[in-house]
Every structure is written in C-alpha cells, then in structure tokens.
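Participant: structure.csv is the file, holding CSV, C-alpha atoms:
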```csv
chain,number,residue,atom,x,y,z
A,12,MET,CA,0.0,0.0,0.0
A,13,SER,CA,1.4,3.4,-1.0
A,14,LEU,CA,2.0,6.2,1.5
A,15,ALA,CA,-0.8,8.3,-0.1
A,16,HIS,CA,-3.2,5.3,0.3
A,17,LYS,CA,-2.3,4.9,3.9
A,18,GLY,CA,-2.9,8.6,4.4
A,19,ARG,CA,-6.3,8.3,2.7
A,20,TRP,CA,-7.4,5.5,5.0
A,21,ILE,CA,-6.2,7.3,8.1
A,22,THR,CA,-8.1,10.4,7.0
A,23,LEU,CA,-11.2,8.4,6.3
A,24,VAL,CA,-11.1,6.8,9.8
A,25,GLY,CA,-10.5,10.3,11.2
A,26,LEU,CA,-13.6,11.7,9.4
A,27,VAL,CA,-15.7,8.7,10.6
A,28,CYS,CA,-14.5,9.4,14.1
A,29,LEU,CA,-15.3,13.1,13.7
A,30,ALA,CA,-18.9,12.1,12.6
A,31,GLY,CA,-19.0,10.1,15.8
A,32,VAL,CA,-17.9,13.2,17.8
A,33,TYR,CA,-20.7,15.2,16.2
A,34,VAL,CA,-23.3,12.6,17.2
A,35,ARG,CA,-21.9,12.3,20.7
A,36,ALA,CA,-21.4,16.0,21.3
A,37,LEU,CA,-24.8,17.1,19.9
A,38,ALA,CA,-27.0,14.2,21.2
A,39,PHE,CA,-25.3,12.6,24.1
A,40,THR,CA,-23.3,15.3,25.9
A,41,PRO,CA,-25.2,17.6,28.4
A,42,VAL,CA,-25.8,21.3,27.6
A,43,GLU,CA,-23.8,23.6,29.8
A,44,ARG,CA,-26.2,25.7,31.9
A,45,LEU,CA,-24.6,29.1,31.7
A,46,GLN,CA,-23.3,29.1,28.1
A,47,GLY,CA,-26.0,27.0,26.5
A,48,PRO,CA,-25.5,24.9,23.4
A,49,ALA,CA,-22.8,27.3,22.1
A,50,GLN,CA,-20.5,25.8,24.7
A,51,LYS,CA,-20.4,22.6,22.5
A,52,ILE,CA,-18.2,24.6,20.0
A,53,PHE,CA,-15.5,23.9,22.5
A,54,TYR,CA,-15.3,20.2,21.4
A,55,LEU,CA,-14.1,21.3,18.0
A,56,HIS,CA,-12.3,24.6,18.8
A,57,VAL,CA,-9.9,23.3,21.4
A,58,PRO,CA,-8.6,20.1,19.7
A,59,ALA,CA,-8.2,22.1,16.5
A,60,ALA,CA,-6.3,24.8,18.5
A,61,LEU,CA,-4.0,22.2,20.2
A,62,TRP,CA,-3.2,20.7,16.8
A,63,THR,CA,-2.6,24.2,15.3
A,64,GLU,CA,0.0,24.8,18.0
A,65,ALA,CA,1.4,21.2,17.8
A,66,ALA,CA,1.7,21.4,14.0
A,67,MET,CA,3.8,24.6,14.3
A,68,ILE,CA,6.0,23.1,17.0
A,69,LEU,CA,6.7,20.2,14.7
A,70,VAL,CA,7.4,22.5,11.8
A,71,GLY,CA,9.9,24.4,13.9
A,72,LEU,CA,11.6,21.3,15.2
A,73,ALA,CA,11.8,19.8,11.7
A,74,GLY,CA,13.3,23.2,10.6
A,75,ILE,CA,16.0,23.1,13.4
A,76,PHE,CA,17.0,19.5,12.4
A,77,TYR,CA,16.9,20.4,8.7
A,78,LEU,CA,19.4,23.2,9.2
A,79,PHE,CA,21.8,20.7,10.8
A,80,LEU,CA,21.1,17.5,8.8
A,81,LYS,CA,20.0,18.9,5.4
A,82,ASP,CA,17.7,15.9,5.1
A,83,PRO,CA,14.9,16.7,2.5
A,84,ARG,CA,12.5,14.4,4.4
A,85,LEU,CA,12.5,16.9,7.3
A,86,ASP,CA,11.6,19.7,4.8
A,87,ARG,CA,8.9,17.7,3.3
A,88,PHE,CA,7.4,16.9,6.7
A,89,ALA,CA,7.6,20.6,7.7
A,90,ALA,CA,5.8,21.6,4.5
A,91,ALA,CA,3.1,19.0,5.1
A,92,SER,CA,2.6,19.9,8.8
A,93,ALA,CA,2.4,23.6,7.9
A,94,GLU,CA,-0.3,23.1,5.3
A,95,VAL,CA,-2.4,21.0,7.7
A,96,GLY,CA,-1.7,23.5,10.6
A,97,THR,CA,-3.1,26.3,8.3
A,98,VAL,CA,-6.3,24.3,7.8
A,99,PHE,CA,-6.7,23.7,11.6
A,100,ALA,CA,-5.9,27.4,12.3
A,101,THR,CA,-8.7,28.4,9.9
A,102,ILE,CA,-11.1,26.2,12.0
A,103,VAL,CA,-9.8,27.9,15.2
A,104,LEU,CA,-10.3,31.4,13.8
A,105,THR,CA,-13.8,30.7,12.5
A,106,THR,CA,-15.2,28.6,15.4
A,107,GLY,CA,-13.7,31.0,18.0
A,108,PRO,CA,-15.6,34.1,16.9
A,109,ILE,CA,-18.8,32.0,16.3
A,110,TRP,CA,-18.5,31.1,20.0
A,111,GLY,CA,-17.5,34.6,21.1
A,112,LYS,CA,-20.6,36.4,19.6
A,113,PRO,CA,-23.2,34.7,21.9
A,114,ILE,CA,-20.9,34.4,24.9
A,115,TRP,CA,-18.9,37.7,24.8
A,116,GLY,CA,-21.3,39.7,22.7
A,117,THR,CA,-18.7,40.4,20.1
A,118,TRP,CA,-17.2,38.4,17.2
A,119,TRP,CA,-13.6,39.6,17.9
A,120,THR,CA,-11.5,41.5,20.4
A,121,TRP,CA,-7.9,42.4,20.1
A,122,ASP,CA,-6.7,40.6,23.2
A,123,ALA,CA,-3.4,38.8,23.6
A,124,ARG,CA,-4.7,35.2,22.9
A,125,LEU,CA,-6.8,36.1,19.8
A,126,THR,CA,-4.2,38.5,18.3
A,127,SER,CA,-1.3,36.1,18.8
A,128,THR,CA,-3.4,33.2,17.3
A,129,LEU,CA,-4.2,35.4,14.3
A,130,PHE,CA,-0.5,36.2,14.0
A,131,LEU,CA,0.3,32.4,14.0
A,132,PHE,CA,-2.2,32.0,11.1
A,133,PHE,CA,-0.4,34.8,9.2
A,134,LEU,CA,2.9,33.1,9.9
A,135,TYR,CA,1.5,29.8,8.5
A,136,VAL,CA,0.3,31.7,5.4
A,137,GLY,CA,3.7,33.4,5.1
A,138,TYR,CA,5.4,30.1,5.4
A,139,LEU,CA,3.4,28.6,2.5
A,140,LEU,CA,3.9,31.7,0.4
A,141,VAL,CA,7.7,31.6,0.9
A,142,ARG,CA,7.6,27.9,-0.1
A,143,GLY,CA,5.7,28.8,-3.2
A,144,ALA,CA,7.8,31.8,-4.1
A,145,VAL,CA,11.4,30.3,-3.9
A,146,ARG,CA,12.4,28.1,-6.8
A,147,ASP,CA,15.7,26.7,-5.5
A,148,PRO,CA,14.8,23.7,-3.3
A,149,ARG,CA,17.7,24.1,-0.8
A,150,LEU,CA,17.2,27.9,-0.4
A,151,ARG,CA,13.4,27.3,-0.1
A,152,ALA,CA,14.0,24.7,2.6
A,153,ARG,CA,16.4,27.0,4.5
A,154,TYR,CA,14.1,30.1,4.4
A,155,ALA,CA,11.1,27.9,5.4
A,156,ALA,CA,13.1,26.4,8.3
A,157,VAL,CA,13.9,29.8,9.7
A,158,LEU,CA,10.2,30.8,9.5
A,159,GLY,CA,9.2,27.6,11.2
A,160,ILE,CA,11.6,28.2,14.0
A,161,CYS,CA,10.0,31.7,14.5
A,162,GLY,CA,6.7,29.9,14.7
A,163,LEU,CA,8.0,27.5,17.2
A,164,CYS,CA,9.1,30.4,19.4
A,165,LEU,CA,5.6,32.0,19.1
A,166,VAL,CA,3.7,28.9,20.3
A,167,PRO,CA,4.6,29.0,24.1
A,168,PHE,CA,3.7,32.7,24.1
A,169,ILE,CA,0.2,32.0,22.6
A,170,HIS,CA,-0.4,29.2,25.1
A,171,LEU,CA,0.7,31.3,28.1
A,172,SER,CA,-0.9,34.5,26.9
A,173,VAL,CA,-4.0,33.9,29.1
A,174,PHE,CA,-1.7,33.9,32.2
A,175,LEU,CA,0.6,36.7,31.1
A,176,PHE,CA,-2.1,39.2,30.1
A,177,ARG,CA,-5.6,40.2,31.2
A,178,THR,CA,-7.6,38.6,28.4
A,179,LEU,CA,-11.3,37.8,27.6
A,180,HIS,CA,-10.3,34.4,26.5
A,181,PRO,CA,-11.0,31.7,29.1
A,182,GLN,CA,-8.2,30.1,31.0
A,183,PRO,CA,-7.3,26.5,30.1
A,184,ILE,CA,-9.7,24.0,31.7
A,185,ILE,CA,-8.0,20.8,30.4
A,186,VAL,CA,-4.4,21.4,29.4
A,187,LYS,CA,-3.2,22.9,32.7
A,188,PRO,CA,-1.1,21.7,35.6
A,189,SER,CA,-4.0,20.6,37.8
A,190,ALA,CA,-6.8,18.1,36.9
A,191,PRO,CA,-9.2,19.0,34.2
A,192,SER,CA,-12.2,21.0,35.5
A,193,LEU,CA,-14.8,19.4,33.3
A,194,PRO,CA,-17.5,16.8,34.1
A,195,GLY,CA,-16.6,13.2,33.0
A,196,SER,CA,-19.1,13.0,30.1
A,197,MET,CA,-17.9,16.3,28.6
A,198,LEU,CA,-14.3,15.3,29.1
A,199,ALA,CA,-14.9,12.0,27.3
A,200,THR,CA,-16.4,13.9,24.3
A,201,TRP,CA,-13.5,16.2,24.2
A,202,LEU,CA,-11.0,13.3,24.3
A,203,PHE,CA,-12.9,11.6,21.5
A,204,SER,CA,-12.7,14.8,19.5
A,205,LEU,CA,-9.0,15.1,20.2
A,206,ALA,CA,-8.4,11.6,19.0
A,207,ALA,CA,-10.4,12.4,15.8
A,208,PHE,CA,-8.3,15.5,15.1
A,209,THR,CA,-5.1,13.6,15.8
A,210,LEU,CA,-6.1,11.0,13.2
A,211,LEU,CA,-7.0,13.8,10.8
A,212,TYR,CA,-3.6,15.4,11.3
A,213,VAL,CA,-1.7,12.2,10.8
A,214,GLY,CA,-3.8,11.3,7.7
A,215,PHE,CA,-3.5,14.7,6.1
A,216,VAL,CA,0.2,15.0,6.8
A,217,THR,CA,0.8,11.5,5.4
A,218,GLN,CA,-1.0,12.4,2.2
A,219,ARG,CA,0.6,15.8,1.9
A,220,TYR,CA,4.1,14.2,2.5
A,221,ALA,CA,3.4,11.6,-0.2
A,222,LEU,CA,2.4,14.5,-2.6
A,223,SER,CA,5.7,16.3,-1.9
A,224,LEU,CA,7.6,13.0,-2.5
A,225,ALA,CA,5.9,12.5,-5.8
A,226,ARG,CA,6.5,16.1,-6.9
A,227,ASP,CA,10.2,15.9,-5.9
A,228,ALA,CA,10.6,12.6,-7.7
A,229,GLN,CA,9.0,14.2,-10.8
A,230,GLN,CA,11.3,17.2,-10.7
A,231,GLY,CA,14.3,15.2,-9.9
A,232,GLU,CA,14.9,17.2,-6.7
A,233,HIS,CA,16.4,15.5,-3.8
A,234,ALA,CA,16.2,12.3,-5.8
A,235,ASP,CA,19.2,10.7,-4.0
A,236,HIS,CA,17.5,11.0,-0.6
A,237,ALA,CA,14.0,9.8,-1.6
B,15,MET,CA,-32.0,29.5,38.4
B,16,PRO,CA,-31.3,31.4,35.1
B,17,ASP,CA,-32.7,30.0,31.9
B,18,VAL,CA,-30.3,28.1,29.6
B,19,PRO,CA,-29.3,30.6,26.7
B,20,GLN,CA,-30.9,29.8,23.4
B,21,ASN,CA,-27.9,29.9,21.1
B,22,ALA,CA,-28.0,26.6,19.3
B,23,GLY,CA,-27.8,28.4,15.9
B,24,TYR,CA,-24.2,29.4,16.7
B,25,MET,CA,-23.3,25.8,17.6
B,26,VAL,CA,-24.8,24.5,14.4
B,27,ALA,CA,-22.9,27.1,12.3
B,28,ALA,CA,-19.6,26.2,13.9
B,29,TYR,CA,-20.1,22.5,13.4
B,30,ILE,CA,-21.1,23.1,9.7
B,31,VAL,CA,-18.1,25.4,9.1
B,32,THR,CA,-15.7,22.9,10.6
B,33,ALA,CA,-17.1,20.0,8.6
B,34,VAL,CA,-17.0,22.1,5.4
B,35,ILE,CA,-13.3,23.2,5.9
B,36,LEU,CA,-12.2,19.6,6.7
B,37,LEU,CA,-14.1,18.0,3.8
B,38,ILE,CA,-12.8,20.6,1.3
B,39,TYR,CA,-9.2,20.0,2.4
B,40,ALA,CA,-9.7,16.2,2.4
B,41,ILE,CA,-11.1,16.3,-1.2
B,42,SER,CA,-8.4,18.7,-2.3
B,43,LEU,CA,-5.7,16.3,-1.0
B,44,HIS,CA,-7.4,13.3,-2.5
B,45,ARG,CA,-7.5,15.0,-5.9
B,46,ARG,CA,-3.9,16.2,-5.8
B,47,THR,CA,-2.5,12.8,-4.7
B,48,ALA,CA,-4.7,10.9,-7.2
B,49,LYS,CA,-3.2,12.8,-10.2
B,50,PRO,CA,-0.7,10.7,-12.1
```
In structure tokens, how does this file's structure come out?
Facilitator:
Amino acid sequence: MSLAHKGRWITLVGLVCLAGVYVRALAFTPVERLQGPAQKIFYLHVPAALWTEAAMILVGLAGIFYLFLKDPRLDRFAAASAEVGTVFATIVLTTGPIWGKPIWGTWWTWDARLTSTLFLFFLYVGYLLVRGAVRDPRLRARYAAVLGICGLCLVPFIHLSVFLFRTLHPQPIIVKPSAPSLPGSMLATWLFSLAAFTLLYVGFVTQRYALSLARDAQQGEHADHA
Amino acid sequence: MPDVPQNAGYMVAAYIVTAVILLIYAISLHRRTAKP
C-alpha cells in the first residue's frame, strides 16, 4: 500500500470518528447551563487549536533539524505539517468568533490570545507563500526552516498569553497543571474529538508528504534522498 | 436558576463550518494525490 493510500485510509477513519464526535457532542453530551448549546463549539475549537500549535511546534523542530542535517525528508514533513496547521488554524479562527458572539457579545476582540493566534495564522500563510515563491529547493527549505523556528518560538507565548495578560479568552480547563475542571461526560467527548483531530492530522500530513515526495521525484529534486 | 441561553444556531454554524473546511481539504488532498 502506498503512502498516499495509507494517508487516505487514516483520513477516512478520522472523518468517521469526527462524525461520531458530532453525534456524541450534539445528542449525548449535556448542555452547559450558563453558556447553553454554544459551549459545545469547545469540542471542535480546542482540539483544533491544540493541533494548530502542535503542528507549528513540529514545523519548527523539523526546521531546526533540517538546518543541521539537510535531510529533505524533514523539509517535506515541515511543509506537510504547515499546510495542515493552516487548515486547523482556519477552523480555530472561525469557530472562536462564532462562540464569542453569543458568549462575549462580540465576534472579535484584540486581546493577547486572539491576536497572537491570528499572528500564528499569518505566519503559517507566510510560510506557505515563501515555499511557493522560492524556486531553489535548498534555499526554499532554509528560508522555510527559519520561518518555522520563528513559529516554534511564538507557540509558548500563545499558550501562556492567558496567564501573562488580562484577556477575555477563558483560562485552560483541560491542558493545565491541575486536573481538568470538566465533568466526565464532557471530558470523554473532548478526548474523543482530540483523537479524531489527531487521526486527521496524521492522515492529512501523510497524504501531503506523499504528494511532496511524488513532486520531488517528478522534478528530480532530492532524488538521492527519496 | 437562570434559563439556559438559546444559542443553538451558533453551535450548528460552527459544526457546519468545521465539517466544510475539513471536507474541502480532504477532497483537495485526495484529488492532488490521485493525479498521475
């Protein structure tokens, strides 16, 4: 089975799991009393946000290792992770305001968490634009690695921004030093969603990596290392 | 006890938007990798 086929199957399993998350979240998870049904956006928004951050951490780490090892597989992985991270960031930046309107009374506010997340999205877009603009594969990989490392430095700031600044954004209720402050049934739905997003990330990145591999083979770039 | 807010429309919108974004990307990847 080719890499692209493996990626397709993992993606399909991820999509089926996500459908299961929809059923569980909408029909079998209790409605939060203060926020109402809009609270259920949390089950999609937070796993997507975690994978947006994790994807950029992996892009940055791959960039650091690429600068030392010059292994094109690391560059291909970084490119794949960045593209998938951009998709997840788009989900974060659309579901967040949809939750914010009924809960905060506004679609958007320029607080530290929201602004830094928007900046991360622009960094992702910039990363993809740089990759598209530079023809020389080695130069492209080097520029992209530097941008990825900048993104890696930004992620801890985004995650800690709710502690460092006075923000409207809620404090973490799951990914924090103490135990999750969420009832068991809600936590189970969230963990199910995190598993679905993890499968989607792996499936998407596998397919995107296979695509880069095929393109490189076609163009004869990095052929020795493929 | 306060009434539960009636904001299910926002929840439905967010779930639809997420599904649309993921499906569009999944189809896009499928088409790109299926090309010879």
Participant: Rank A:Val136, A:Ile109, A:Leu150, A:Ala207 by their smallest atom-to-atom distance to Asp86 of chain A, using all atoms listed in the file, and report the top residue only.
Facilitator: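 Nearest to Asp86 of chain A: A:Leu150.
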Participant: Chain B residues within 8 Å of chain A, counting only C-alpha atoms: which ones, as a ChimeraX atom specification?
Facilitator: /B:16-22,24-25,27-29,31-32,35-36,39-40,43-44,46-47
Participant: One number please: atom CA of Ser196 of chain A to atom CA of Gln182 of chain A, in Å, one decimal.
Facilitator: 20.3 Å
Participant: Mind giving me the straight-line distance from atom CA of Pro181 of chain A to atom CA of Phe203 of chain A in Å, one decimal?
Facilitator: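 Result for atom CA of Pro181 of chain A versus atom CA of Phe203 of chain A: 21.6 Å, one decimal.
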Participant: For atom CA of Thr126 of chain A and atom CA of Gly96 of chain A, quote the distance in Å rounded to one decimal.
Facilitator: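 About the pair atom CA of Thr126 of chain A and atom CA of Gly96 of chain A: they are 17.0 Å apart.
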Participant: Would you kindly return, as a VMD selection string, each protein, DNA or RNA residue with an atom no farther than 9 Å from any atom of Val157 of chain A, considering all atoms listed in the file and excluding same-chain residues fewer than 2 positions away?
Facilitator: chain A and resid 71 74 to 75 78 152 to 155 159 to 162
Participant: Just the residues within 12 Å of Pro167 of chain A, please, counting all atoms listed in the file, with nothing from its chain fewer than 4 positions along; format it as a list in words.
Facilitator: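 Listed by chain and then number, they are Leu61, Glu64, Ala65, Met67, Ile68, Arg124, Ser127, Thr128, Leu131, Cys161, Gly162, Leu163, Leu171, Ser172, Val173, Phe174 and Leu175 of chain A.
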Participant: Missing atoms in segment 26-37 of chain B: can you complete it with all heavy atoms, as an mmCIF file, in the coordinates of the input?
Facilitator:
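out.cif, written as the output of this step:
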```cif
data_model
loop_
_atom_site.group_PDB
_atom_site.id
_atom_site.type_symbol
_atom_site.label_atom_id
_atom_site.label_comp_id
_atom_site.auth_asym_id
_atom_site.auth_seq_id
_atom_site.Cartn_x
_atom_site.Cartn_y
_atom_site.Cartn_z
ATOM 1 N N VAL B 26 -24.596 25.152 15.680
ATOM 2 C CA VAL B 26 -24.800 24.500 14.400
ATOM 3 C C VAL B 26 -23.887 25.094 13.324
ATOM 4 O O VAL B 26 -23.242 24.384 12.544
ATOM 5 C CB VAL B 26 -26.285 24.555 13.964
ATOM 6 C CG1 VAL B 26 -26.479 24.040 12.547
ATOM 7 C CG2 VAL B 26 -27.157 23.765 14.936
ATOM 8 N N ALA B 27 -23.801 26.432 13.327
ATOM 9 C CA ALA B 27 -22.900 27.100 12.300
ATOM 10 C C ALA B 27 -21.491 26.670 12.488
ATOM 11 O O ALA B 27 -20.817 26.375 11.488
ATOM 12 C CB ALA B 27 -23.056 28.632 12.530
ATOM 13 N N ALA B 28 -21.007 26.603 13.723
ATOM 14 C CA ALA B 28 -19.600 26.200 13.900
ATOM 15 C C ALA B 28 -19.354 24.774 13.500
ATOM 16 O O ALA B 28 -18.317 24.475 12.892
ATOM 17 C CB ALA B 28 -19.253 26.376 15.423
ATOM 18 N N TYR B 29 -20.309 23.892 13.774
ATOM 19 C CA TYR B 29 -20.100 22.500 13.400
ATOM 20 C C TYR B 29 -20.150 22.339 11.857
ATOM 21 O O TYR B 29 -19.395 21.552 11.288
ATOM 22 C CB TYR B 29 -21.207 21.602 14.044
ATOM 23 C CG TYR B 29 -20.808 21.183 15.446
ATOM 24 C CD1 TYR B 29 -20.707 22.123 16.480
ATOM 25 C CD2 TYR B 29 -20.502 19.868 15.756
ATOM 26 C CE1 TYR B 29 -20.317 21.763 17.754
ATOM 27 C CE2 TYR B 29 -20.107 19.486 17.030
ATOM 28 C CZ TYR B 29 -20.021 20.438 18.027
ATOM 29 O OH TYR B 29 -19.609 20.074 19.287
ATOM 30 N N ILE B 30 -21.018 23.119 11.200
ATOM 31 C CA ILE B 30 -21.100 23.100 9.700
ATOM 32 C C ILE B 30 -19.783 23.611 9.128
ATOM 33 O O ILE B 30 -19.189 22.998 8.230
ATOM 34 C CB ILE B 30 -22.316 23.811 9.194
ATOM 35 C CG1 ILE B 30 -23.590 23.042 9.551
ATOM 36 C CG2 ILE B 30 -22.224 24.021 7.691
ATOM 37 C CD1 ILE B 30 -24.882 23.777 9.231
ATOM 38 N N VAL B 31 -19.344 24.757 9.636
ATOM 39 C CA VAL B 31 -18.100 25.400 9.100
ATOM 40 C C VAL B 31 -16.933 24.435 9.231
ATOM 41 O O VAL B 31 -16.142 24.251 8.290
ATOM 42 C CB VAL B 31 -17.839 26.726 9.841
ATOM 43 C CG1 VAL B 31 -16.416 27.194 9.609
ATOM 44 C CG2 VAL B 31 -18.813 27.798 9.388
ATOM 45 N N THR B 32 -16.793 23.802 10.400
ATOM 46 C CA THR B 32 -15.700 22.900 10.600
ATOM 47 C C THR B 32 -15.740 21.710 9.628
ATOM 48 O O THR B 32 -14.725 21.342 9.013
ATOM 49 C CB THR B 32 -15.711 22.329 12.069
ATOM 50 O OG1 THR B 32 -15.652 23.443 12.954
ATOM 51 C CG2 THR B 32 -14.555 21.396 12.345
ATOM 52 N N ALA B 33 -16.934 21.122 9.479
ATOM 53 C CA ALA B 33 -17.100 20.000 8.600
ATOM 54 C C ALA B 33 -16.743 20.404 7.132
ATOM 55 O O ALA B 33 -16.053 19.673 6.407
ATOM 56 C CB ALA B 33 -18.504 19.436 8.636
ATOM 57 N N VAL B 34 -17.212 21.594 6.726
ATOM 58 C CA VAL B 34 -17.000 22.100 5.400
ATOM 59 C C VAL B 34 -15.461 22.260 5.122
ATOM 60 O O VAL B 34 -14.904 21.795 4.114
ATOM 61 C CB VAL B 34 -17.749 23.371 5.071
ATOM 62 C CG1 VAL B 34 -17.275 24.037 3.796
ATOM 63 C CG2 VAL B 34 -19.243 23.078 4.983
ATOM 64 N N ILE B 35 -14.777 22.916 6.071
ATOM 65 C CA ILE B 35 -13.300 23.200 5.900
ATOM 66 C C ILE B 35 -12.577 21.835 5.805
ATOM 67 O O ILE B 35 -11.735 21.647 4.911
ATOM 68 C CB ILE B 35 -12.787 24.002 7.096
ATOM 69 C CG1 ILE B 35 -13.340 25.425 7.049
ATOM 70 C CG2 ILE B 35 -11.252 24.033 7.088
ATOM 71 C CD1 ILE B 35 -13.056 26.254 8.298
ATOM 72 N N LEU B 36 -12.884 20.891 6.693
ATOM 73 C CA LEU B 36 -12.200 19.600 6.700
ATOM 74 C C LEU B 36 -12.457 18.805 5.428
ATOM 75 O O LEU B 36 -11.550 18.198 4.843
ATOM 76 C CB LEU B 36 -12.509 18.803 7.944
ATOM 77 C CG LEU B 36 -11.930 19.358 9.257
ATOM 78 C CD1 LEU B 36 -12.486 18.603 10.451
ATOM 79 C CD2 LEU B 36 -10.406 19.283 9.252
ATOM 80 N N LEU B 37 -13.729 18.811 5.004
ATOM 81 C CA LEU B 37 -14.100 18.000 3.800
ATOM 82 C C LEU B 37 -13.442 18.622 2.553
ATOM 83 O O LEU B 37 -12.933 17.883 1.701
ATOM 84 C CB LEU B 37 -15.602 17.959 3.643
ATOM 85 C CG LEU B 37 -16.288 16.947 4.567
ATOM 86 C CD1 LEU B 37 -17.804 17.038 4.442
ATOM 87 C CD2 LEU B 37 -15.827 15.513 4.258
#
```
